[in-house]
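Chemist: Sharing query.txt, compact mmCIF, C-alpha atoms and all ligand atoms:
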# COMPACT_ATOMS: atom_id res chain seq x y z
CA MET A 1 79.27 95.19 34.74
CA SER A 2 80.72 98.34 33.21
CA LEU A 3 79.61 101.73 34.46
CA ARG A 4 78.04 102.41 31.09
CA VAL A 5 75.95 99.22 31.19
CA LEU A 6 75.05 99.91 34.81
CA ALA A 7 73.79 103.37 33.86
CA VAL A 8 71.36 101.78 31.41
CA VAL A 9 70.30 98.80 33.54
CA LEU A 10 70.06 100.36 36.98
CA PRO A 11 67.02 102.56 36.29
CA LEU A 12 65.20 99.53 34.87
CA LEU A 13 66.03 97.48 37.96
CA LEU A 14 64.90 100.23 40.28
CA CYS A 15 61.70 101.11 38.47
CA GLY A 16 60.77 97.69 37.15
CA ALA A 17 60.93 97.08 33.42
CA GLY A 18 58.69 99.51 31.61
CA ALA A 19 57.43 101.29 34.73
CA PRO A 20 56.76 104.95 33.91
CA PRO A 21 58.32 107.71 36.01
CA ASP A 22 56.33 108.70 39.10
CA THR A 23 55.73 112.20 37.77
CA PRO A 24 53.11 113.33 35.26
CA ALA A 25 54.12 113.50 31.62
CA PRO A 26 54.79 117.13 30.74
CA GLY A 27 52.79 119.20 28.30
CA PRO A 28 49.13 120.03 27.80
CA VAL A 29 46.50 117.65 29.11
CA ARG A 30 45.90 114.70 26.83
CA VAL A 31 43.58 111.80 27.61
CA ILE A 32 44.15 108.81 25.36
CA GLY A 33 42.41 105.45 25.04
CA SER A 34 39.66 103.84 27.06
CA GLN A 35 39.14 102.88 30.69
CA GLY A 36 40.70 99.45 30.17
CA ALA A 37 43.72 100.68 28.18
CA GLY A 38 44.73 104.30 28.28
CA CYS A 39 47.02 107.00 29.61
CA ILE A 40 47.13 110.70 30.41
CA ALA A 41 49.62 113.54 30.02
CA GLY A 42 49.50 116.74 32.03
CA ALA A 43 47.72 115.08 34.97
CA VAL A 44 47.33 116.95 38.26
CA ARG A 45 47.24 115.47 41.75
CA LEU A 46 44.38 115.61 44.22
CA PRO A 47 45.72 117.28 47.40
CA ASP A 48 45.70 114.94 50.40
CA THR A 49 43.56 117.12 52.64
CA GLN A 50 40.79 119.33 51.30
CA PRO A 51 37.62 120.75 52.83
CA GLY A 52 35.43 117.70 53.38
CA LEU A 53 37.84 115.26 51.73
CA GLN A 54 40.87 113.15 52.61
CA THR A 55 42.90 110.84 50.42
CA ILE A 56 43.44 107.46 52.05
CA ARG A 57 46.04 104.71 51.76
CA LEU A 58 48.57 107.08 50.30
CA SER A 59 51.21 104.39 49.93
CA ARG A 60 48.98 102.14 47.85
CA SER A 61 46.71 104.48 45.96
CA ALA A 62 47.21 106.91 43.10
CA PHE A 63 45.59 110.32 43.04
CA TRP A 64 46.43 111.76 39.61
CA GLY A 65 43.79 112.82 37.14
CA HIS A 66 42.45 115.21 34.53
CA PRO A 67 42.01 118.70 36.05
CA ASP A 68 38.21 118.40 35.67
CA THR A 69 38.26 115.12 37.63
CA ILE A 70 40.28 116.66 40.44
CA ALA A 71 38.05 119.76 40.53
CA ALA A 72 34.92 117.58 40.65
CA LEU A 73 36.25 115.58 43.61
CA GLN A 74 37.13 118.78 45.45
CA LEU A 75 33.61 120.02 44.75
CA LEU A 76 32.19 116.76 46.11
CA GLY A 77 34.16 117.28 49.32
CA ARG A 78 32.85 120.82 49.74
CA ARG A 79 29.26 119.83 48.98
CA ALA A 80 29.48 116.86 51.36
CA GLN A 81 30.74 119.16 54.09
CA GLU A 82 27.96 121.69 53.42
CA SER A 83 25.47 118.83 53.68
CA GLY A 84 26.76 117.87 57.10
CA LEU A 85 28.42 114.63 56.00
CA PRO A 86 31.65 113.38 57.52
CA ASP A 87 34.79 113.89 55.42
CA ILE A 88 34.73 111.70 52.35
CA TYR A 89 37.63 109.33 51.69
CA ALA A 90 39.11 109.39 48.18
CA GLY A 91 40.85 106.25 46.87
CA ASP A 92 42.42 105.41 43.54
CA ILE A 93 42.17 107.80 40.62
CA SER A 94 45.09 107.06 38.26
CA GLY A 95 48.86 106.90 38.22
CA PRO A 96 50.68 110.11 37.24
CA ARG A 97 50.69 109.02 33.60
CA GLY A 98 47.82 106.55 33.68
CA GLY A 99 48.19 103.03 32.35
CA PRO A 100 47.38 99.95 34.47
CA LEU A 101 47.64 100.49 38.21
CA ARG A 102 49.50 97.94 40.27
CA GLY A 103 47.38 95.24 41.84
CA GLY A 104 45.27 94.67 38.75
CA HIS A 105 43.19 97.84 38.99
CA PHE A 106 42.65 98.08 35.24
CA SER A 107 39.80 100.56 34.99
CA HIS A 108 41.68 103.62 36.26
CA GLN A 109 43.98 104.35 33.34
CA MET A 110 43.13 107.84 32.02
CA GLY A 111 42.60 110.12 35.00
CA ILE A 112 38.81 110.22 34.59
CA ASP A 113 37.86 107.42 37.03
CA ALA A 114 37.83 107.84 40.79
CA ASP A 115 37.02 105.58 43.74
CA VAL A 116 35.32 107.23 46.69
CA TRP A 117 34.72 105.19 49.83
CA LEU A 118 31.16 104.95 51.05
CA ASP A 119 32.10 104.95 54.73
CA MET A 120 29.69 107.42 56.33
CA ILE A 121 30.01 106.41 59.97
CA PRO A 122 31.12 109.59 61.79
CA PRO A 123 33.32 111.09 62.98
CA HIS A 124 35.97 111.40 60.30
CA PRO A 125 38.58 113.63 61.94
CA VAL A 126 41.40 114.86 59.73
CA LEU A 127 44.02 112.15 60.16
CA PRO A 128 47.74 112.40 59.52
CA PRO A 129 48.59 110.42 56.35
CA ALA A 130 50.19 107.52 58.26
CA GLU A 131 46.95 106.87 60.14
CA ARG A 132 44.96 106.81 56.91
CA GLU A 133 46.84 103.66 55.86
CA ALA A 134 44.99 101.50 58.37
CA LEU A 135 41.45 102.56 57.48
CA GLU A 136 39.21 99.67 56.48
CA PRO A 137 35.86 101.00 55.28
CA ALA A 138 33.04 98.60 56.05
CA SER A 139 30.91 96.88 53.44
CA LEU A 140 27.40 98.25 53.08
CA VAL A 141 26.16 94.94 51.71
CA ARG A 142 25.10 91.75 53.48
CA PRO A 143 27.44 88.79 52.92
CA ASP A 144 24.83 87.08 50.72
CA GLY A 145 24.86 90.10 48.39
CA ARG A 146 21.07 90.41 48.28
CA ALA A 147 20.51 93.56 50.31
CA VAL A 148 22.31 96.32 52.14
CA ASP A 149 23.50 95.62 55.68
CA PRO A 150 21.38 97.56 58.19
CA ALA A 151 24.39 97.69 60.51
CA THR A 152 26.30 99.95 58.10
CA TRP A 153 23.70 101.46 55.76
CA ARG A 154 22.86 105.11 56.57
CA PRO A 155 20.53 107.73 55.04
CA THR A 156 23.71 109.76 54.49
CA HIS A 157 24.71 107.26 51.80
CA ILE A 158 21.80 108.47 49.70
CA THR A 159 22.93 112.06 50.23
CA LEU A 160 26.49 111.22 49.19
CA LEU A 161 25.50 109.22 46.11
CA ARG A 162 23.08 111.93 45.02
CA LEU A 163 25.76 114.60 45.42
CA ALA A 164 28.17 112.48 43.37
CA ALA A 165 25.60 111.97 40.61
CA GLY A 166 25.13 115.75 40.48
CA LEU A 167 28.79 116.51 39.80
CA PRO A 168 29.71 117.96 36.42
CA HIS A 169 30.82 115.56 33.67
CA VAL A 170 29.71 112.35 35.43
CA ASP A 171 29.21 109.48 32.98
CA ARG A 172 28.07 106.87 35.53
CA ILE A 173 28.69 105.70 39.08
CA LEU A 174 29.20 102.01 39.80
CA VAL A 175 27.90 100.53 43.05
CA ASN A 176 27.00 97.05 44.25
CA PRO A 177 23.58 95.88 42.95
CA ALA A 178 22.28 95.71 46.53
CA ILE A 179 23.09 99.42 46.98
CA LYS A 180 21.31 100.31 43.75
CA LYS A 181 18.31 98.26 44.86
CA GLN A 182 18.18 100.11 48.17
CA LEU A 183 18.33 103.47 46.39
CA CYS A 184 15.46 102.42 44.13
CA GLN A 185 13.34 101.44 47.13
CA GLU A 186 14.12 104.47 49.29
CA SER A 187 13.77 106.95 46.48
CA LEU A 188 10.24 105.69 45.85
CA ALA A 189 9.40 106.27 49.47
CA SER A 190 11.18 109.46 50.38
CA LEU A 191 12.88 111.37 47.62
CA GLY A 192 9.89 113.31 46.39
CA GLY A 193 9.78 111.62 43.03
CA ASP A 194 13.16 112.90 41.86
CA ARG A 195 14.59 109.76 40.34
CA ALA A 196 16.42 111.15 37.32
CA TRP A 197 19.80 110.95 39.07
CA LEU A 198 19.34 107.21 39.65
CA ARG A 199 20.03 106.67 35.95
CA LEU A 200 23.71 107.40 36.56
CA ILE A 201 23.96 104.92 39.46
CA ARG A 202 24.73 101.58 37.80
CA PRO A 203 25.08 98.12 39.38
CA TRP A 204 28.36 96.23 39.23
CA TRP A 205 29.98 93.39 41.17
CA GLY A 206 32.01 94.38 44.21
CA HIS A 207 31.73 98.09 45.01
CA ALA A 208 30.18 97.30 48.38
CA SER A 209 32.35 99.74 50.31
CA HIS A 210 33.22 102.26 47.62
CA MET A 211 31.68 103.84 44.54
CA HIS A 212 33.52 104.15 41.26
CA ILE A 213 32.82 107.53 39.65
CA ARG A 214 33.50 107.52 35.92
CA PHE A 215 33.60 110.92 34.25
CA ARG A 216 32.86 111.52 30.58
CA CYS A 217 35.66 112.07 28.10
CA PRO A 218 36.45 115.81 28.12
CA ASP A 219 35.10 117.55 25.00
CA ASP A 220 38.56 118.63 23.84
CA GLN A 221 40.04 115.11 23.96
CA PRO A 222 39.40 113.37 20.61
CA ALA A 223 41.68 110.43 21.50
CA CYS A 224 39.56 109.59 24.56
CA VAL A 225 37.14 106.76 23.69
CA GLN A 226 33.73 107.50 25.21
CA ALA A 227 31.56 104.51 26.15
CA PRO A 228 27.84 104.67 25.24
CA PRO A 229 25.76 106.49 27.88
CA PRO A 230 23.63 104.55 30.37
CA PRO A 231 20.24 103.57 28.90
CA PRO A 232 17.27 105.88 29.55
CA GLY A 233 15.28 105.37 32.72
CA ASP A 234 16.19 104.99 36.37
CA GLY A 235 17.49 101.41 36.01
CA CYS A 236 15.19 100.15 38.78
CA ASP A 237 13.86 97.43 36.52
CA ALA A 238 14.53 93.97 35.10
CA THR A 239 18.11 94.95 34.28
CA LEU A 240 18.71 95.39 38.01
CA GLN A 241 16.96 92.12 38.87
CA TRP A 242 19.35 90.36 36.45
CA TRP A 243 22.19 90.85 38.90
CA PHE A 244 20.29 89.11 41.68
CA ASP A 245 19.23 86.30 39.35
CA GLN A 246 22.92 85.60 38.79
CA LEU A 247 23.32 84.89 42.51
CA ASP A 248 20.98 81.91 42.04
CA GLN A 249 22.99 80.47 39.14
CA PRO A 250 25.60 77.75 39.74
CA PRO A 251 29.07 79.30 39.87
CA LYS A 252 30.86 79.35 36.53
CA PRO A 253 34.25 77.65 36.30
CA ALA A 254 37.12 80.13 36.28
CA PRO A 255 38.88 80.49 32.90
CA ALA A 256 42.01 78.34 32.67
CA LYS A 257 44.11 81.37 31.80
CA PRO A 258 43.04 84.91 32.69
CA ALA A 259 42.61 87.12 29.64
CA ALA A 260 45.59 89.39 28.98
CA PRO A 261 44.83 93.10 29.41
CA PRO A 262 44.34 94.90 26.10
CA PRO A 263 47.40 96.67 24.71
CA LEU A 264 47.76 100.39 25.32
CA PRO A 265 47.22 102.76 22.38
CA ALA A 266 50.46 103.47 20.51
CA ALA A 267 50.41 107.14 21.56
CA CYS A 268 50.70 106.05 25.20
CA ALA A 269 54.23 104.72 24.67
CA THR A 270 55.50 108.29 24.29
CA ILE A 271 53.59 109.52 27.31
CA LEU A 272 54.67 106.68 29.57
CA SER A 273 58.32 107.02 28.63
CA ALA A 274 58.69 110.82 28.36
CA PRO A 275 61.41 112.10 30.67
CA ALA A 276 60.26 113.96 33.76
CA PRO A 277 60.18 117.74 33.27
ZN ZN B 1 37.30 101.94 40.73
Produce structure tokens that represent the structure in this file.
Ligand SMILES: [Zn+2]
Modeler:
Amino acid sequence: MSLRVLAVVLPLLLCGAGAPPDTPAPGPVRVIGSQGAGCIAGAVRLPDTQPGLQTIRLSRSAFWGHPDTIAALQLLGRRAQESGLPDIYAGDISGPRGGPLRGGHFSHQMGIDADVWLDMIPPHPVLPPAEREALEPASLVRPDGRAVDPATWRPTHITLLRLAAGLPHVDRILVNPAIKKQLCQESLASLGGDRAWLRLIRPWWGHASHMHIRFRCPDDQPACVQAPPPPPGDGCDATLQWWFDQLDQPPKPAPAKPAAPPPLPAACATILSAPAP
């Protein structure tokens, strides 16, 4: 192989065909596309250790996002600390330029989605990054999926979820249906009637040990496709019961061939391939 050919091929071999550089795309912040197919330029990285917050699994996770996303997570850490909670653990946000994350994590493509672990069993001392690799946050949900697990469920989970719902620019927060059900029950009993925040807490499969915080498209990002808002009401109704009814249905056969992920918007090609600054 000639040196000239090697110069072209070697970066592809090292990075994997089409893999974007591991730096943010330069320029002003641009958020393009939708959660399932999008990208971001001008992303910033969540620092690994902040007051009340630690990033975990640094070798496997991605912590890049829109500046508002990063600021909101830092605010969540500070508010959690002020509320006496243990440090919160931040997981995937997005890659430095967005696009699909490795491992099939397709809903974190534009820097406006963030996973925060729900582990609230203290203490959470500040760990060196290498020790954060081995953390395995426990599920809050019973194996049958019908209720939270009393062995891991804590009142502090309500505090954390309520703080998250009160962050600026939150579109919705996805948690396991059993967690939503528990919030509905406990808020009736003990939250003094303030149920408005429950509207943003939405049930979804999985999400038994972490919440997925989805922020709204920033106002100055016309290429960011905003999903419709959650319906009015606290969601503690038949739409929540639907999820539990599904547990009683016979399992559906898996599709013969998994659906291909949707293509990225054309404007993302430039962002994903722009040379590092
Ligand atoms: Zn997520």
Chemist: So which residues are near ligand ZN 1 (chain B), meaning at most 6 Å away with only C-alpha atoms and all ligand atoms counted, given back as a PDB file with C-alpha atoms, in the coordinates of the input?
Modeler:
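After the write, out_18.pdb holds the following:
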ATOM      1  CA  ALA A 114      37.830 107.840  40.790  1.00  0.00           C
ATOM      2  CA  ASP A 115      37.020 105.580  43.740  1.00  0.00           C
ATOM      3  CA  HIS A 212      33.520 104.150  41.260  1.00  0.00           C
TER       4      HIS A 212
END
Chemist: I'd like the interatomic distance between atom CA of Pro230 of chain A and atom CA of Ile201 of chain A, to a tenth of an Å.
Modeler: 9.1 Å
Chemist: Once you count only C-alpha atoms, which residues end up no further than 9 Å from (43.7, 119.9, 39.9) in the file's frame, shown as a ChimeraX atom specification?
Modeler: /A:43-47,64-71,74
Chemist: Considering all atoms listed in the file, state which residue in the set A:Ala260, A:Ala208, A:Leu163, A:Leu118 is at the smallest distance from Ala72 of chain A.
Modeler: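 Result for the nearest residue to Ala72 of chain A: A:Leu163.
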Chemist: Padding of 8 Å on every side, edges along x, y and z, all listed atoms of segment 211-214 of chain A included: what centre and edge lengths in Å, to one decimal, does that box have, as JSON?
Modeler:
{"center_x": 32.6, "center_y": 105.7, "center_z": 40.2, "size_x": 17.8, "size_y": 19.7, "size_z": 24.6}
Chemist: From the options A:Gly52, A:Pro96, A:Pro125, A:Pro229, which residue's atoms come nearest to Val170 of chain A, counting only C-alpha atoms?
Modeler: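 Of the candidates, the smallest distance to Val170 of chain A is held by A:Pro229.
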Chemist: Do a neighbour search on segment 216-227 of chain A at 8 Å with all atoms listed in the file, toss out local chain neighbours closer than 2 positions, and write the hits as a PyMOL selection string.
Modeler: chain A and resi 30-34+112+169-171+214+229
Chemist: Let me make sure I understand: among A:Thr270, A:Glu131, A:Val148, A:Arg172, which one has the smallest atom-to-atom distance to Pro228 of chain A if we use all atoms listed in the file?
Modeler: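 Under the stated criterion, the closest residue is A:Arg172.
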Chemist: Within 8 Å of (42.8, 100.2, 33.7), all atoms listed in the file: residues as a ChimeraX atom specification?
Modeler: /A:35-38,99-101,104-110
Chemist: Keeping only C-alpha atoms, write those residues as an mmCIF file, in the coordinates of the input.
Modeler:
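The resulting result30.cif:
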data_model
loop_
_atom_site.group_PDB
_atom_site.id
_atom_site.type_symbol
_atom_site.label_atom_id
_atom_site.label_comp_id
_atom_site.auth_asym_id
_atom_site.auth_seq_id
_atom_site.Cartn_x
_atom_site.Cartn_y
_atom_site.Cartn_z
ATOM 1 C CA GLN A 35 39.140 102.880 30.690
ATOM 2 C CA GLY A 36 40.700 99.450 30.170
ATOM 3 C CA ALA A 37 43.720 100.680 28.180
ATOM 4 C CA GLY A 38 44.730 104.300 28.280
ATOM 5 C CA GLY A 99 48.190 103.030 32.350
ATOM 6 C CA PRO A 100 47.380 99.950 34.470
ATOM 7 C CA LEU A 101 47.640 100.490 38.210
ATOM 8 C CA GLY A 104 45.270 94.670 38.750
ATOM 9 C CA HIS A 105 43.190 97.840 38.990
ATOM 10 C CA PHE A 106 42.650 98.080 35.240
ATOM 11 C CA SER A 107 39.800 100.560 34.990
ATOM 12 C CA HIS A 108 41.680 103.620 36.260
ATOM 13 C CA GLN A 109 43.980 104.350 33.340
ATOM 14 C CA MET A 110 43.130 107.840 32.020
#
Chemist: Would you list the contacts of Pro123 of chain A as number ranges by chain, taking every protein, DNA or RNA residue within 12 Å and counting only C-alpha atoms, but skipping same-chain residues closer than 2 positions in sequence?
Modeler: A: 52, 84-88, 119-121, 125-127
Chemist: Between segment 155-204 of chain A and segment 133-144 of chain A, at 8 Å or less, what are the per-residue closest atom pairs and their distances in Å? Count all atoms listed in the file, order by chain and rising residue number, and return it as a tab-separated table.
Modeler:
residue	atom	partner	partner_atom	distance
A:Asn176	CA	A:Val141	CA	7.8
A:Ala178	CA	A:Val141	CA	6.5
A:Ile179	CA	A:Val141	CA	7.2
Chemist: The selected residues should be written to file as an mmCIF file, in the frame of the given file (atoms: C-alpha atoms).
Modeler:
data_model
loop_
_atom_site.group_PDB
_atom_site.id
_atom_site.type_symbol
_atom_site.label_atom_id
_atom_site.label_comp_id
_atom_site.auth_asym_id
_atom_site.auth_seq_id
_atom_site.Cartn_x
_atom_site.Cartn_y
_atom_site.Cartn_z
ATOM 1 C CA ASN A 176 27.000 97.050 44.250
ATOM 2 C CA ALA A 178 22.280 95.710 46.530
ATOM 3 C CA ILE A 179 23.090 99.420 46.980
#
Chemist: Rounded to one decimal, what separation in Å do you get between atom CA of Gly235 of chain A and atom CA of Lys180 of chain A?
Modeler: 8.7 Å
Chemist: Taking only all heavy atoms, show segment 42-54 of chain A of the given structure as a PDB file, in the first residue's frame.
Modeler:
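Produced file selection-v4.pdb, reproduced below:
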ATOM      1  N   GLY A  42     -20.921  22.745  18.165  1.00  0.00           N
ATOM      2  CA  GLY A  42     -20.654  23.654  19.277  1.00  0.00           C
ATOM      3  C   GLY A  42     -21.040  23.082  20.631  1.00  0.00           C
ATOM      4  O   GLY A  42     -21.322  23.832  21.567  1.00  0.00           O
ATOM      5  N   ALA A  43     -21.045  21.743  20.757  1.00  0.00           N
ATOM      6  CA  ALA A  43     -21.417  21.130  22.037  1.00  0.00           C
ATOM      7  C   ALA A  43     -20.352  21.423  23.092  1.00  0.00           C
ATOM      8  O   ALA A  43     -19.185  21.653  22.778  1.00  0.00           O
ATOM      9  CB  ALA A  43     -21.581  19.616  21.868  1.00  0.00           C
ATOM     10  N   VAL A  44     -20.779  21.406  24.358  1.00  0.00           N
ATOM     11  CA  VAL A  44     -19.838  21.532  25.474  1.00  0.00           C
ATOM     12  C   VAL A  44     -19.958  20.284  26.343  1.00  0.00           C
ATOM     13  O   VAL A  44     -20.967  19.568  26.298  1.00  0.00           O
ATOM     14  CB  VAL A  44     -20.101  22.802  26.316  1.00  0.00           C
ATOM     15  CG1 VAL A  44     -19.839  24.051  25.490  1.00  0.00           C
ATOM     16  CG2 VAL A  44     -21.525  22.829  26.848  1.00  0.00           C
ATOM     17  N   ARG A  45     -18.904  20.023  27.121  1.00  0.00           N
ATOM     18  CA  ARG A  45     -18.867  18.779  27.890  1.00  0.00           C
ATOM     19  C   ARG A  45     -19.177  19.040  29.364  1.00  0.00           C
ATOM     20  O   ARG A  45     -18.687  20.007  29.942  1.00  0.00           O
ATOM     21  CB  ARG A  45     -17.487  18.124  27.779  1.00  0.00           C
ATOM     22  CG  ARG A  45     -17.442  16.701  28.328  1.00  0.00           C
ATOM     23  CD  ARG A  45     -16.023  16.144  28.275  1.00  0.00           C
ATOM     24  NE  ARG A  45     -15.955  14.737  28.614  1.00  0.00           N
ATOM     25  CZ  ARG A  45     -16.031  14.245  29.862  1.00  0.00           C
ATOM     26  NH1 ARG A  45     -16.185  15.073  30.875  1.00  0.00           N
ATOM     27  NH2 ARG A  45     -15.945  12.940  30.075  1.00  0.00           N
ATOM     28  N   LEU A  46     -19.983  18.146  29.929  1.00  0.00           N
ATOM     29  CA  LEU A  46     -20.243  18.193  31.363  1.00  0.00           C
ATOM     30  C   LEU A  46     -18.969  17.811  32.105  1.00  0.00           C
ATOM     31  O   LEU A  46     -18.419  16.725  31.859  1.00  0.00           O
ATOM     32  CB  LEU A  46     -21.371  17.213  31.708  1.00  0.00           C
ATOM     33  CG  LEU A  46     -21.780  17.106  33.179  1.00  0.00           C
ATOM     34  CD1 LEU A  46     -22.409  18.410  33.665  1.00  0.00           C
ATOM     35  CD2 LEU A  46     -22.756  15.945  33.371  1.00  0.00           C
ATOM     36  N   PRO A  47     -18.464  18.664  33.019  1.00  0.00           N
ATOM     37  CA  PRO A  47     -17.265  18.281  33.785  1.00  0.00           C
ATOM     38  C   PRO A  47     -17.541  17.026  34.620  1.00  0.00           C
ATOM     39  O   PRO A  47     -18.677  16.785  35.041  1.00  0.00           O
ATOM     40  CB  PRO A  47     -16.998  19.499  34.667  1.00  0.00           C
ATOM     41  CG  PRO A  47     -17.705  20.629  33.987  1.00  0.00           C
ATOM     42  CD  PRO A  47     -18.916  20.017  33.338  1.00  0.00           C
ATOM     43  N   ASP A  48     -16.497  16.246  34.863  1.00  0.00           N
ATOM     44  CA  ASP A  48     -16.684  14.938  35.507  1.00  0.00           C
ATOM     45  C   ASP A  48     -17.080  15.033  36.977  1.00  0.00           C
ATOM     46  O   ASP A  48     -17.744  14.145  37.500  1.00  0.00           O
ATOM     47  CB  ASP A  48     -15.404  14.104  35.377  1.00  0.00           C
ATOM     48  CG  ASP A  48     -15.182  13.659  33.952  1.00  0.00           C
ATOM     49  OD1 ASP A  48     -16.184  13.479  33.229  1.00  0.00           O
ATOM     50  OD2 ASP A  48     -14.012  13.513  33.545  1.00  0.00           O
ATOM     51  N   THR A  49     -16.637  16.088  37.643  1.00  0.00           N
ATOM     52  CA  THR A  49     -16.962  16.226  39.060  1.00  0.00           C
ATOM     53  C   THR A  49     -17.436  17.647  39.306  1.00  0.00           C
ATOM     54  O   THR A  49     -16.714  18.600  39.035  1.00  0.00           O
ATOM     55  CB  THR A  49     -15.731  15.917  39.935  1.00  0.00           C
ATOM     56  OG1 THR A  49     -15.241  14.605  39.608  1.00  0.00           O
ATOM     57  CG2 THR A  49     -16.085  15.955  41.411  1.00  0.00           C
ATOM     58  N   GLN A  50     -18.657  17.764  39.771  1.00  0.00           N
ATOM     59  CA  GLN A  50     -19.287  19.052  40.030  1.00  0.00           C
ATOM     60  C   GLN A  50     -19.928  18.985  41.407  1.00  0.00           C
ATOM     61  O   GLN A  50     -20.159  17.890  41.916  1.00  0.00           O
ATOM     62  CB  GLN A  50     -20.396  19.291  38.978  1.00  0.00           C
ATOM     63  CG  GLN A  50     -19.883  19.499  37.594  1.00  0.00           C
ATOM     64  CD  GLN A  50     -19.386  20.915  37.425  1.00  0.00           C
ATOM     65  OE1 GLN A  50     -20.162  21.851  37.390  1.00  0.00           O
ATOM     66  NE2 GLN A  50     -18.084  21.079  37.366  1.00  0.00           N
ATOM     67  N   PRO A  51     -20.253  20.124  42.011  1.00  0.00           N
ATOM     68  CA  PRO A  51     -20.970  20.039  43.290  1.00  0.00           C
ATOM     69  C   PRO A  51     -22.239  19.211  43.150  1.00  0.00           C
ATOM     70  O   PRO A  51     -23.112  19.521  42.337  1.00  0.00           O
ATOM     71  CB  PRO A  51     -21.293  21.508  43.607  1.00  0.00           C
ATOM     72  CG  PRO A  51     -20.255  22.288  42.869  1.00  0.00           C
ATOM     73  CD  PRO A  51     -19.969  21.503  41.619  1.00  0.00           C
ATOM     74  N   GLY A  52     -22.290  18.100  43.883  1.00  0.00           N
ATOM     75  CA  GLY A  52     -23.488  17.270  43.889  1.00  0.00           C
ATOM     76  C   GLY A  52     -23.648  16.352  42.698  1.00  0.00           C
ATOM     77  O   GLY A  52     -24.693  15.712  42.557  1.00  0.00           O
ATOM     78  N   LEU A  53     -22.640  16.251  41.847  1.00  0.00           N
ATOM     79  CA  LEU A  53     -22.804  15.486  40.603  1.00  0.00           C
ATOM     80  C   LEU A  53     -21.487  14.844  40.178  1.00  0.00           C
ATOM     81  O   LEU A  53     -20.435  15.464  40.273  1.00  0.00           O
ATOM     82  CB  LEU A  53     -23.296  16.429  39.505  1.00  0.00           C
ATOM     83  CG  LEU A  53     -23.543  15.891  38.103  1.00  0.00           C
ATOM     84  CD1 LEU A  53     -24.666  16.677  37.443  1.00  0.00           C
ATOM     85  CD2 LEU A  53     -22.290  15.951  37.245  1.00  0.00           C
ATOM     86  N   GLN A  54     -21.576  13.592  39.730  1.00  0.00           N
ATOM     87  CA  GLN A  54     -20.415  12.905  39.161  1.00  0.00           C
ATOM     88  C   GLN A  54     -20.835  12.206  37.868  1.00  0.00           C
ATOM     89  O   GLN A  54     -21.913  11.603  37.823  1.00  0.00           O
ATOM     90  CB  GLN A  54     -19.875  11.843  40.134  1.00  0.00           C
ATOM     91  CG  GLN A  54     -19.441  12.387  41.477  1.00  0.00           C
ATOM     92  CD  GLN A  54     -18.996  11.285  42.417  1.00  0.00           C
ATOM     93  OE1 GLN A  54     -18.177  10.436  42.069  1.00  0.00           O
ATOM     94  NE2 GLN A  54     -19.543  11.289  43.631  1.00  0.00           N
TER      95      GLN A  54
END
